[in-house]
>>> print(open('input13.cif').read())   # mmCIF, C-alpha atoms
data_model
loop_
_atom_site.label_atom_id
_atom_site.label_comp_id
_atom_site.auth_asym_id
_atom_site.auth_seq_id
_atom_site.Cartn_x
_atom_site.Cartn_y
_atom_site.Cartn_z
CA MET A 1 3.09 206.31 74.11
CA GLN A 2 3.87 205.88 70.42
CA GLU A 3 6.09 202.94 69.44
CA LEU A 4 9.69 203.81 68.59
CA SER A 5 10.85 202.89 65.11
CA VAL A 6 13.86 203.51 62.90
CA ARG A 7 14.25 203.27 59.15
CA LYS A 8 15.89 200.17 57.75
CA ALA A 9 19.48 200.78 56.65
CA PRO A 10 19.92 200.84 52.87
CA LEU A 11 23.06 198.70 53.14
CA ASN A 12 23.60 195.41 54.98
CA TRP A 13 26.07 195.79 57.88
CA LEU A 14 28.36 193.08 56.49
CA VAL A 15 28.53 194.67 53.04
CA GLY A 16 29.18 198.08 54.64
CA GLY A 17 31.96 196.64 56.80
CA LEU A 18 33.61 194.92 53.85
CA LEU A 19 33.45 198.13 51.81
CA LEU A 20 35.00 200.10 54.67
CA GLY A 21 37.74 197.49 54.96
CA LEU A 22 38.50 197.68 51.24
CA ILE A 23 38.62 201.48 51.39
CA GLN A 24 40.99 201.27 54.37
CA VAL A 25 43.29 198.84 52.54
CA ALA A 26 43.30 201.13 49.49
CA ALA A 27 44.05 204.17 51.69
CA VAL A 28 46.97 202.43 53.42
CA GLY A 29 48.31 201.23 50.08
CA LEU A 30 48.00 204.58 48.36
CA TYR A 31 49.00 207.02 51.10
CA LYS A 32 48.27 206.38 54.79
CA PRO A 33 45.47 205.10 57.06
CA LEU A 34 42.20 206.99 57.34
CA GLY A 35 41.71 209.46 60.19
CA VAL A 36 39.71 212.67 60.44
CA SER A 37 40.18 214.45 63.80
CA THR A 38 43.70 215.74 63.12
CA GLN A 39 42.21 218.28 60.72
CA PHE A 40 40.74 220.18 63.66
CA VAL A 41 44.28 220.63 64.99
CA VAL A 42 45.44 221.66 61.50
CA THR A 43 42.68 224.28 61.29
CA ASP A 44 43.54 225.56 64.77
CA ALA A 45 47.25 225.76 63.90
CA ILE A 46 46.58 227.66 60.67
CA ALA A 47 44.24 230.12 62.42
CA LEU A 48 46.58 230.56 65.41
CA LYS A 49 49.55 231.22 63.14
CA GLN A 50 47.65 234.19 61.71
CA VAL A 51 46.95 235.79 65.10
CA ALA A 52 49.80 234.51 67.33
CA PRO A 53 52.76 233.29 65.23
CA ALA A 54 55.18 233.38 68.18
CA TYR A 55 52.92 231.07 70.20
CA VAL A 56 52.66 228.60 67.32
CA GLU A 57 56.41 228.60 66.73
CA GLY A 58 57.09 227.83 70.39
CA HIS A 59 54.37 225.18 70.71
CA GLY A 60 55.64 221.63 71.17
CA LEU A 61 53.13 219.99 68.83
CA ILE A 62 52.22 222.46 66.10
CA GLY A 63 55.42 224.57 66.13
CA GLY A 64 58.88 224.13 64.74
CA GLU A 65 59.85 222.42 61.52
CA LYS A 66 57.98 219.18 62.23
CA GLY A 67 54.78 221.00 63.27
CA ALA A 68 54.92 223.28 60.21
CA LYS A 69 55.18 220.24 57.96
CA LYS A 70 52.34 218.28 59.58
CA TYR A 71 49.94 220.78 61.15
CA GLN A 72 50.19 224.05 59.27
CA LYS A 73 48.95 223.13 55.80
CA ILE A 74 45.77 221.80 54.28
CA GLY A 75 46.37 218.46 52.60
CA TYR A 76 45.17 214.88 52.34
CA GLY A 77 43.27 214.90 55.64
CA TRP A 78 41.20 217.95 54.79
CA MET A 79 40.34 216.49 51.41
CA LEU A 80 39.27 213.28 53.18
CA ASP A 81 37.04 215.23 55.59
CA LEU A 82 35.50 217.17 52.71
CA GLY A 83 35.00 213.90 50.81
CA ILE A 84 33.16 212.39 53.79
CA VAL A 85 30.69 215.27 53.86
CA ILE A 86 30.17 215.23 50.07
CA GLY A 87 29.98 211.42 50.00
CA ALA A 88 27.39 211.35 52.77
CA ALA A 89 25.29 213.93 50.93
CA LEU A 90 25.52 211.98 47.67
CA ALA A 91 24.65 208.71 49.42
CA ALA A 92 21.60 210.34 51.00
CA LEU A 93 20.50 211.69 47.63
CA VAL A 94 21.07 208.41 45.76
CA THR A 95 19.15 206.37 48.35
CA TYR A 96 16.37 208.98 48.55
CA ARG A 97 16.98 209.42 52.30
CA TRP A 98 17.71 213.15 52.22
CA ARG A 99 14.83 214.80 53.97
CA VAL A 100 14.26 216.73 57.13
CA ARG A 101 12.24 214.56 59.50
CA LYS A 102 11.05 214.91 63.04
CA THR A 103 10.01 211.28 63.42
CA SER A 104 13.35 209.80 64.39
CA VAL A 105 13.85 207.85 67.59
CA TRP A 106 15.38 210.96 69.20
CA TRP A 107 12.23 213.03 68.72
CA GLN A 108 10.00 210.21 69.91
CA ALA A 109 12.07 209.46 73.01
CA ASN A 110 13.12 212.98 74.02
CA GLY A 111 10.43 215.37 72.84
CA ARG A 112 10.18 217.70 69.89
CA SER A 113 12.56 220.47 70.91
CA VAL A 114 14.71 221.39 67.91
CA ALA A 115 16.97 223.51 70.13
CA GLY A 116 17.36 220.61 72.57
CA ARG A 117 18.40 218.28 69.78
CA PHE A 118 21.01 220.74 68.49
CA VAL A 119 22.35 221.47 71.98
CA ALA A 120 22.65 217.73 72.73
CA GLY A 121 24.36 217.13 69.38
CA PHE A 122 26.74 220.05 69.92
CA ILE A 123 27.69 218.95 73.43
CA GLY A 124 28.13 215.36 72.23
CA GLY A 125 30.35 216.56 69.39
CA ILE A 126 32.53 218.51 71.82
CA PHE A 127 32.96 215.41 74.01
CA ILE A 128 33.83 213.26 71.00
CA LEU A 129 36.37 215.79 69.72
CA LEU A 130 37.94 216.27 73.15
CA GLY A 131 38.21 212.52 73.63
CA ALA A 132 39.73 212.12 70.20
CA ARG A 133 42.38 214.74 70.86
CA PHE A 134 43.16 213.45 74.37
CA ALA A 135 43.66 210.00 72.86
CA HIS A 136 45.73 211.45 69.98
CA GLY A 137 43.32 210.05 67.44
CA CYS A 138 39.66 209.66 66.64
CA THR A 139 37.47 206.61 66.34
CA SER A 140 38.12 206.27 62.62
CA GLY A 141 41.85 206.43 63.22
CA GLN A 142 41.94 204.20 66.27
CA LEU A 143 39.15 201.75 65.41
CA ALA A 144 39.16 201.29 61.64
CA SER A 145 42.81 202.14 61.00
CA GLY A 146 44.01 200.49 64.21
CA TRP A 147 42.39 197.17 63.34
CA ALA A 148 43.55 197.43 59.72
CA GLN A 149 47.12 197.75 61.00
CA LEU A 150 46.58 195.11 63.72
CA SER A 151 47.44 197.70 66.40
CA LEU A 152 47.38 196.29 69.93
CA ALA A 153 45.91 199.58 71.22
CA ALA A 154 42.85 199.04 69.01
CA VAL A 155 41.66 196.09 71.12
CA PRO A 156 40.99 197.86 74.47
CA PHE A 157 39.86 200.96 72.59
CA THR A 158 37.24 198.98 70.65
CA ILE A 159 35.97 197.20 73.76
CA THR A 160 35.71 200.52 75.63
CA LEU A 161 34.13 202.31 72.67
CA PHE A 162 31.39 199.75 72.14
CA GLY A 163 30.76 199.36 75.88
CA ALA A 164 30.39 203.14 76.32
CA ALA A 165 28.24 203.40 73.17
CA MET A 166 25.87 200.70 74.41
CA LEU A 167 25.60 202.40 77.82
CA VAL A 168 24.86 205.82 76.29
CA ALA A 169 22.35 204.33 73.84
CA TRP A 170 20.59 202.57 76.72
CA LEU A 171 20.50 205.81 78.75
CA VAL A 172 19.28 207.97 75.86
CA TYR A 173 16.93 205.36 74.35
CA PRO A 174 15.77 203.08 77.17
CA ARG A 175 13.45 201.13 74.85
CA THR A 176 14.60 199.26 71.75
CA PRO A 177 13.07 200.69 68.57
CA GLU A 178 11.49 198.51 65.92
CA ILE A 179 13.11 198.58 62.49
CA GLU A 180 10.75 199.72 59.74
CA SER A 181 10.61 197.48 56.69
#
>>> encode(input="input13.cif", output="structure tokens")
Amino acid sequence: MQELSVRKAPLNWLVGGLLLGLIQVAAVGLYKPLGVSTQFVVTDAIALKQVAPAYVEGHGLIGGEKGAKKYQKIGYGWMLDLGIVIGAALAALVTYRWRVRKTSVWWQANGRSVAGRFVAGFIGGIFILLGARFAHGCTSGQLASGWAQLSLAAVPFTITLFGAAMLVAWLVYPRTPEIES
């Protein structure tokens, strides 16, 4: 079987972590901590208000005056989500890493089914989003923002997150890939 390999990251993990920390400090200082999953609730509330306004008005989270203020308008959070997508695309272009490839560790470990990759990604995304909403926050909100605010809840969350991530990585990729130079 072919050896598994991954491309070397264009940025050192320590530099990336420090940059994320500085961005988090700037976000807290300028407006509020970073978080991205709430925008799915905002989108749902806006769409639901168009088709079932009575339901939205009576809903405990997205209804009433407080819900209308927080969940029924596009604002900072949506701009942040859009900025993440645009920023990722720009970073990929600047580092010359934007290309469609079938040589990733996924393809090597799990076969070459494009449909299988998309189905696995879609199902994984649903689980991540459901978990984020059940926990009333996503990993960026709970992990990065939680630690930036020294939130006690961030400690068990981080331990659980990394433990689960290592288990899933071991199950999906039972062999450790080599890093390309």
>>> closest_residue(input="input13.cif", among="A:Leu22, A:Ile128, A:Leu90, A:Ile123", to="Ala164 (chain A)", atoms="only C-alpha atoms")
A:Ile128
>>> atom_distance(input="input13.cif", atom1="CA of Gln39 (chain A)", atom2="CA of Trp78 (chain A)")
6.0 Å
>>> resolve_selection(input="input13.cif", expression="the PyMOL selection byres ((chain A and resi 42) around 12)", output="list in words")
Val36, Ser37, Thr38, Gln39, Phe40, Val41, Thr43, Asp44, Ala45, Ile46, Ala47, Leu48, Lys49, Val56, Leu61, Ile62, Gly63, Gly67, Ala68, Lys69, Lys70, Tyr71, Gln72, Lys73, Ile74, Gly75, Tyr76, Gly77 and Trp78 of chain A
>>> atom_distance(input="input13.cif", atom1="CA of Val85 (chain A)", atom2="CA of Pro33 (chain A)")
18.2 Å
>>> atom_distance(input="input13.cif", atom1="CA of Ala109 (chain A)", atom2="CA of Gly163 (chain A)")
21.4 Å
>>> resolve_selection(input="input13.cif", expression="the PyMOL selection byres ((chain A and resi 154) around 12)", output="PyMOL selection string")
chain A and resi 135+137-153+155-162
>>> closest_residue(input="input13.cif", among="A:Val119, A:Ala27, A:Pro10, A:Leu18", to="Val94 (chain A)", atoms="only C-alpha atoms")
A:Pro10
